[in-house]
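Participant: Supplied structure: data18.txt, compact mmCIF, C-alpha atoms.
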# COMPACT_ATOMS: atom_id res chain seq x y z
CA MET A 241 126.44 210.66 307.16
CA SER A 242 124.03 208.85 309.52
CA LEU A 243 120.29 209.48 309.66
CA ARG A 244 120.69 211.00 313.12
CA SER A 245 123.32 213.45 311.85
CA LEU A 246 121.05 214.48 308.98
CA VAL A 247 118.18 215.11 311.39
CA LEU A 248 120.39 217.20 313.70
CA LEU A 249 121.71 219.20 310.75
CA ALA A 250 118.17 219.89 309.54
CA LEU A 251 117.14 221.03 313.01
CA CYS A 252 120.12 223.41 313.20
CA VAL A 253 119.33 224.92 309.83
CA SER A 254 115.67 225.29 310.78
CA THR A 255 116.58 226.93 314.08
CA THR A 256 118.85 229.45 312.37
CA SER A 257 116.24 230.37 309.77
CA LEU A 258 113.63 230.94 312.45
CA ALA A 259 115.82 232.84 314.89
CA GLN A 260 117.53 235.21 312.52
CA PRO A 261 114.44 237.05 311.18
CA ALA A 262 113.50 238.01 314.74
CA GLU A 263 116.99 239.40 315.26
CA ASP A 264 116.78 241.62 312.18
CA LEU A 265 114.24 243.99 313.75
CA ARG A 266 116.09 244.05 317.08
CA ASP A 267 119.09 245.45 315.22
CA VAL A 268 117.55 248.84 314.34
CA MET A 269 119.53 251.68 315.92
CA SER A 270 121.60 254.80 315.24
CA ALA A 271 125.27 254.97 314.29
CA ARG A 272 126.06 256.09 317.84
CA ALA A 273 124.44 252.95 319.24
CA PHE A 274 126.13 250.71 316.66
CA GLY A 275 129.49 252.22 317.64
CA MET A 276 128.81 251.44 321.31
CA GLY A 277 128.02 247.80 320.61
CA GLY A 278 124.26 248.28 320.85
CA ALA A 279 124.42 249.42 324.49
CA TYR A 280 122.16 252.47 324.36
CA ARG A 281 118.82 251.79 326.04
CA ALA A 282 119.62 253.43 329.39
CA LEU A 283 121.14 256.62 327.95
CA GLY A 284 118.30 258.48 326.21
CA LEU A 285 120.63 260.49 323.97
CA GLY A 286 119.20 259.59 320.56
CA GLY A 287 116.09 259.07 318.53
CA ASP A 288 116.50 255.31 318.86
CA ALA A 289 115.07 255.55 322.40
CA MET A 290 111.73 254.59 320.82
CA MET A 291 113.28 251.34 319.60
CA GLY A 292 115.04 250.69 322.91
CA ASN A 293 113.42 252.03 326.07
CA PRO A 294 110.78 254.74 325.40
CA ALA A 295 111.08 256.02 328.98
CA ALA A 296 114.59 257.25 328.07
CA MET A 297 113.07 259.86 325.72
CA VAL A 298 112.50 262.20 328.68
CA LEU A 299 115.78 261.65 330.54
CA PHE A 300 117.24 264.77 328.92
CA PRO A 301 114.44 267.07 327.68
CA SER A 302 115.20 268.35 324.19
CA TYR A 303 114.00 268.34 320.60
CA ARG A 304 115.78 265.78 318.40
CA LEU A 305 115.72 265.07 314.70
CA GLU A 306 117.79 262.20 313.29
CA GLY A 307 118.29 260.40 310.01
CA THR A 308 120.19 257.08 309.89
CA GLY A 309 121.37 254.74 307.17
CA ALA A 310 123.23 251.45 307.56
CA TRP A 311 124.51 248.86 305.09
CA ASP A 312 126.18 245.50 305.59
CA LEU A 313 128.86 245.02 302.94
CA GLU A 314 128.89 241.22 303.20
CA LYS A 315 125.25 240.33 303.81
CA LYS A 316 123.95 243.01 301.41
CA GLU A 317 121.35 244.16 303.91
CA GLY A 318 120.49 247.65 305.03
CA GLN A 319 118.18 250.01 306.83
CA LEU A 320 117.06 253.62 306.48
CA GLY A 321 115.29 255.56 309.19
CA VAL A 322 114.18 258.95 310.46
CA SER A 323 113.05 259.88 313.98
CA VAL A 324 111.68 262.98 315.72
CA ILE A 325 111.40 263.37 319.49
CA ASP A 326 109.92 266.38 321.29
CA ALA A 327 110.64 266.18 325.01
CA ALA A 328 111.11 269.93 325.52
CA THR A 329 107.82 271.74 324.82
CA SER A 330 105.76 269.89 327.45
CA ARG A 331 106.15 267.53 330.38
CA LEU A 332 105.00 264.60 328.22
CA GLY A 333 107.63 263.63 325.66
CA MET A 334 106.48 262.28 322.30
CA GLY A 335 108.26 260.79 319.32
CA LEU A 336 107.78 259.38 315.84
CA ASP A 337 110.06 256.91 314.10
CA TYR A 338 110.03 255.20 310.71
CA HIS A 339 112.49 252.57 309.48
CA TRP A 340 112.78 250.54 306.33
CA VAL A 341 114.71 247.33 307.00
CA SER A 342 115.94 244.59 304.71
CA VAL A 343 114.88 241.46 306.60
CA GLY A 344 116.02 237.84 306.32
CA ARG A 345 118.52 235.88 304.31
CA GLY A 346 118.65 234.61 300.75
CA GLY A 347 115.28 233.49 299.40
CA ALA A 348 113.52 234.54 302.62
CA ARG A 349 114.44 238.20 302.15
CA ALA A 350 111.69 240.77 302.66
CA SER A 351 111.21 244.52 303.07
CA ALA A 352 109.94 245.61 306.48
CA HIS A 353 108.34 249.01 307.10
CA LEU A 354 108.45 249.72 310.82
CA SER A 355 106.58 252.76 312.20
CA SER A 356 106.57 253.74 315.88
CA LEU A 357 104.78 256.29 318.07
CA GLY A 358 106.30 256.73 321.51
CA VAL A 359 105.43 258.65 324.69
CA GLY A 360 107.49 259.24 327.81
CA LEU A 361 106.55 260.71 331.19
CA PRO A 362 108.91 261.83 333.98
CA VAL A 363 107.01 260.93 337.17
CA ASN A 364 109.68 262.72 339.19
CA GLU A 365 113.42 263.41 338.92
CA MET A 366 114.19 259.76 339.58
CA LEU A 367 111.48 257.78 337.75
CA MET A 368 110.60 257.87 334.03
CA LEU A 369 107.94 255.77 332.27
CA GLY A 370 107.40 255.21 328.58
CA ALA A 371 105.44 253.25 325.98
CA THR A 372 105.59 252.75 322.21
CA VAL A 373 102.96 251.57 319.73
CA ARG A 374 104.53 249.92 316.68
CA TYR A 375 103.14 248.98 313.28
CA LEU A 376 104.92 246.50 311.01
CA ARG A 377 104.10 246.04 307.36
CA MET A 378 106.29 243.53 305.57
CA SER A 379 106.25 241.90 302.16
CA GLY A 380 108.62 239.56 300.38
CA GLN A 381 109.12 236.03 299.16
CA SER A 382 106.66 233.95 301.23
CA ARG A 383 106.88 236.42 304.13
CA PHE A 384 104.14 238.91 304.96
CA ALA A 385 103.11 240.89 308.02
CA ASN A 386 100.52 243.52 308.83
CA SER A 387 100.66 243.80 312.61
CA VAL A 388 100.43 246.19 315.54
CA THR A 389 102.25 245.64 318.82
CA GLY A 390 103.82 247.72 321.59
CA ASP A 391 106.67 248.22 324.05
CA ALA A 392 106.87 249.58 327.60
CA GLY A 393 109.78 250.68 329.73
CA VAL A 394 110.96 252.27 332.95
CA ILE A 395 114.13 254.25 333.67
CA LEU A 396 115.56 255.05 337.12
CA ARG A 397 117.99 257.93 337.53
CA LEU A 398 119.82 256.53 340.55
CA THR A 399 122.26 259.46 340.67
CA GLN A 400 123.00 262.36 338.36
CA SER A 401 125.39 260.12 336.41
CA LEU A 402 123.93 256.61 336.88
CA MET A 403 120.82 255.34 335.08
CA ALA A 404 119.24 251.88 335.05
CA GLY A 405 116.21 250.59 333.19
CA PHE A 406 114.02 247.72 332.08
CA SER A 407 111.93 247.37 328.94
CA ALA A 408 109.50 244.82 327.51
CA HIS A 409 109.02 244.57 323.76
CA ASN A 410 106.29 243.28 321.44
CA LEU A 411 103.85 242.83 324.31
CA VAL A 412 100.95 242.17 321.92
CA ASP A 413 101.27 238.66 320.49
CA THR A 414 100.90 239.09 316.72
CA GLY A 415 101.94 235.58 315.72
CA ASN A 416 104.77 236.98 313.58
CA GLU A 417 108.25 235.53 314.14
CA GLU A 418 109.63 239.03 313.50
CA LEU A 419 107.75 240.39 316.53
CA THR A 420 108.41 237.83 319.25
CA ARG A 421 108.38 239.10 322.81
CA TYR A 422 111.67 239.97 324.49
CA TYR A 423 112.98 241.91 327.47
CA SER A 424 115.99 244.08 328.24
CA ALA A 425 117.77 245.23 331.39
CA HIS A 426 120.28 248.04 330.97
CA VAL A 427 122.54 250.43 332.83
CA GLY A 428 124.46 253.56 331.85
CA VAL A 429 127.03 255.78 333.55
CA MET A 430 127.69 259.29 332.25
CA ASN A 431 130.60 260.91 334.05
CA GLY A 432 131.72 264.08 332.32
CA LEU A 433 133.24 263.23 328.97
CA LEU A 434 133.10 259.46 329.56
CA THR A 435 130.02 257.27 329.08
CA LEU A 436 129.81 253.55 329.84
CA ALA A 437 126.79 251.37 329.12
CA GLY A 438 125.65 247.75 329.20
CA ASP A 439 122.51 245.95 328.00
CA VAL A 440 121.28 242.39 328.46
CA ARG A 441 118.48 241.23 326.17
CA ALA A 442 116.44 238.05 326.75
CA ASP A 443 114.08 236.36 324.30
CA PHE A 444 112.01 233.59 325.91
CA THR A 445 109.84 232.67 322.93
CA THR A 446 112.01 232.18 319.85
CA ASN A 447 112.28 228.43 319.09
CA ASP A 448 110.80 227.64 322.54
CA ALA A 449 114.17 228.44 324.13
CA THR A 450 115.78 231.36 325.90
CA THR A 451 118.15 233.46 323.82
CA PHE A 452 120.39 236.05 325.51
CA THR A 453 122.28 238.84 323.77
CA TYR A 454 124.83 241.00 325.61
CA HIS A 455 125.98 244.52 324.71
CA GLY A 456 128.71 246.68 326.22
CA GLY A 457 130.11 249.99 325.06
CA MET A 458 131.91 253.20 325.87
CA GLU A 459 132.14 256.75 324.55
CA TYR A 460 134.78 259.38 325.26
CA ILE A 461 134.47 262.91 323.88
CA LEU A 462 137.80 264.19 322.63
CA GLY A 463 138.20 267.95 322.93
CA GLN A 464 134.49 268.17 323.84
CA VAL A 465 133.73 267.94 320.10
CA PHE A 466 134.73 264.50 318.74
CA PRO A 467 133.10 261.46 320.41
CA PHE A 468 135.08 258.23 320.11
CA ARG A 469 133.15 255.01 320.66
CA ALA A 470 133.86 251.30 321.01
CA GLY A 471 131.68 248.32 321.83
CA TYR A 472 131.23 244.58 322.01
CA THR A 473 128.19 242.35 321.40
CA TYR A 474 127.59 238.67 321.96
CA ASP A 475 124.73 237.76 319.61
CA GLY A 476 122.72 234.93 321.13
CA PHE A 477 120.88 234.26 317.88
CA THR A 478 123.98 233.51 315.81
CA ARG A 479 126.19 232.60 318.83
CA THR A 480 128.94 234.90 317.60
CA SER A 481 130.68 238.02 318.82
CA GLN A 482 130.80 241.45 317.22
CA VAL A 483 133.17 244.34 317.81
CA SER A 484 132.40 247.90 316.81
CA THR A 485 133.82 251.38 316.80
CA GLY A 486 132.63 254.83 315.86
CA LEU A 487 133.44 258.52 315.62
CA GLY A 488 131.32 261.64 315.71
CA PHE A 489 131.32 265.39 315.48
CA MET A 490 129.20 267.72 317.63
CA SER A 491 128.68 271.33 316.56
CA GLU A 492 128.02 274.18 318.98
CA GLY A 493 124.55 274.64 317.49
CA GLY A 494 123.42 271.15 318.48
CA GLY A 495 123.94 269.43 315.16
CA GLY A 496 126.19 266.48 314.59
CA ILE A 497 127.20 263.49 312.54
CA ASP A 498 128.11 259.97 313.63
CA VAL A 499 129.73 257.09 311.76
CA ALA A 500 130.20 253.51 312.95
CA TYR A 501 131.63 250.19 311.84
CA ARG A 502 130.66 246.76 313.19
CA HIS A 503 132.66 243.61 312.47
CA ASP A 504 131.34 240.07 313.02
CA LEU A 505 133.82 237.62 314.49
CA GLY A 506 132.64 234.47 312.74
CA GLY A 507 129.02 233.54 312.07
CA PRO A 508 127.48 235.49 309.15
CA LYS A 509 130.72 237.56 308.88
CA GLY A 510 128.86 240.87 308.68
CA ARG A 511 130.69 244.11 307.93
CA LEU A 512 128.27 246.92 308.73
CA LEU A 513 128.71 250.65 308.15
CA ALA A 514 126.31 253.21 309.63
CA LEU A 515 125.84 256.97 309.34
CA THR A 516 123.58 259.26 311.39
CA ILE A 517 122.95 262.98 310.87
CA LYS A 518 121.27 264.65 313.81
CA LEU A 519 119.98 267.91 315.25
CA ASN A 520 119.50 268.43 318.98
CA MET A 521 117.93 271.57 320.47
CA ASN A 522 117.22 272.15 324.17
Rewrite the structure from the file as structure tokens, please.
Facilitator:
Amino acid sequence: MSLRSLVLLALCVSTTSLAQPAEDLRDVMSARAFGMGGAYRALGLGGDAMMGNPAAMVLFPSYRLEGTGAWDLEKKEGQLGVSVIDAATSRLGMGLDYHWVSVGRGGARASAHLSSLGVGLPVNEMLMLGATVRYLRMSGQSRFANSVTGDAGVILRLTQSLMAGFSAHNLVDTGNEELTRYYSAHVGVMNGLLTLAGDVRADFTTNDATTFTYHGGMEYILGQVFPFRAGYTYDGFTRTSQVSTGLGFMSEGGGGIDVAYRHDLGGPKGRLLALTIKLNMN
């Protein structure tokens, strides 16, 4: 192998090791969102609104309590989280979220504790604003973080069934590769029992290059009780595709359970399972 080939190989390995840790904390979501290919930011139907677009917390005023666990069978990585959102008792919606995430690969593995406080405000029936303050504490082999940053977002309800939004993440520069700044544009259509959604995520700072990730997903509620979901993701960090599917059950009292499976097509060959238990009260 020539010297030039060795240099290029080293650069590729270095790029992967730097890009992937940032992606780990962008991959925190509920089983419903996993099942829809990560396309959830414009919908505002779960506790993961604080991780996506905080303005979506007040799209549908309610009280939500969720617990989520996910585990990748191949990469031996996981996450556990709990979130509470109160968007029903006052005009200003507020939420709390905590997630433990297994971050990194191999010898660079670390435990990340991610805590978020979010607020959302409906300016009128069409415009919603939101912001999240986030604290990351991380420890592991040669990887440490003790940082505070924040997100901001806007949601437009263009019609009763069509929503569009934009969010900016990690606006405070902490110097941590896990908290690089990125942006997302997203759209969702909710027409009766059918929901369609799409997200585009752009990272302009990782490795001094632009990295795009694309998400698309759908949900159809069978018998008004059993949601069926499917989704697709193109991961710009690993340059691979992922397909996902999920099922759920919704009780008349507002409770429910969701399960999801995500399958990597190449790349790290992840095989992720996720479970969310939730309570939703209007």
Participant: Report as number ranges by chain all protein, DNA and RNA residues lying within 12 Å of Asn522 (chain A), evaluated on all atoms listed in the file, omitting residues in the same chain fewer than 2 positions from it.
Facilitator: A: 298, 300-305, 325-329, 493-495, 519-520
Participant: Can you measure CA of Gly471 (chain A) to CA of Glu459 (chain A) for me? One decimal in Å is fine.
Facilitator: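 For CA of Gly471 (chain A) relative to CA of Glu459 (chain A), the distance reads 8.9 Å.
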Participant: Using only C-alpha atoms, which protein or nucleic acid residues come within 9 Å of Val388 (chain A)? Drop anything in the same chain fewer than 3 positions from it, and give the result as a VMD selection string.
Facilitator: chain A and resid 373 to 377 410 412 414
Participant: Extract, using all atoms listed in the file, all DNA, RNA and protein residues at most 7 Å from Thr435 (chain A), discarding same-chain residues fewer than 5 positions from it, and format them as a VMD selection string.
Facilitator: chain A and resid 429 to 430 458 to 460
Participant: Can you tell me how far CA of Val359 (chain A) sits from CA of Gly476 (chain A), in Å to one decimal?
Facilitator: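 The value is 29.6 Å.
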Participant: Between A:Thr420, A:Thr389, A:Thr485, A:Thr308, which has the minimum distance to Met269 (chain A) (counting only C-alpha atoms)?
Facilitator: A:Thr308
Participant: If we draw a sphere of 9 Å around (115.7, 244.0, 331.3), which residues have at least one atom in it when counting only C-alpha atoms? Please report them as a list in words.
Facilitator: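 Residues with an atom close enough to that point: Gly405, Phe406, Ser407, Ala408, Tyr422, Tyr423, Ser424, Ala425, His426, Asp439, Val440, Arg441 and Ala442 of chain A.
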Participant: Expressed in Å to a single decimal, how great is the separation between CA of Gln482 (chain A) and CA of Met403 (chain A)?
Facilitator: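 Computing it gives 24.7 Å between the two atoms.
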Participant: Go through A:Gly415, A:Gly287, A:Gly275, A:Gly292 one by one, measure the shortest atom-to-atom distance of each to Val324 (chain A) using only C-alpha atoms, and give the residue with the smallest value.
Facilitator: A:Gly287
Participant: Give the answer as one residue: which of A:Arg479, A:Ala371, A:Leu265, A:Tyr280 has the shortest atom-to-atom distance to Ala350 (chain A), using all atoms listed in the file?
Facilitator: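 Among the listed residues, A:Leu265 lies closest to Ala350 (chain A).
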Participant: Padding 8 Å on every side, please: axis-aligned box over the listed atoms of region 485-498 of chain A, centre and edge lengths to one decimal in Å, as lines of an AutoDock Vina configuration file.
Facilitator:
center_x = 128.6
center_y = 263.0
center_z = 315.8
size_x = 26.4
size_y = 39.3
size_z = 22.4
Participant: With all atoms listed in the file as the atoms that count, which of A:Leu313, A:Gly358, A:Gly496, A:Leu320 lies nearest to Leu332 (chain A)?
Facilitator: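 Of A:Leu313, A:Gly358, A:Gly496, A:Leu320, the one nearest Leu332 (chain A), counting all atoms listed in the file, is A:Gly358.
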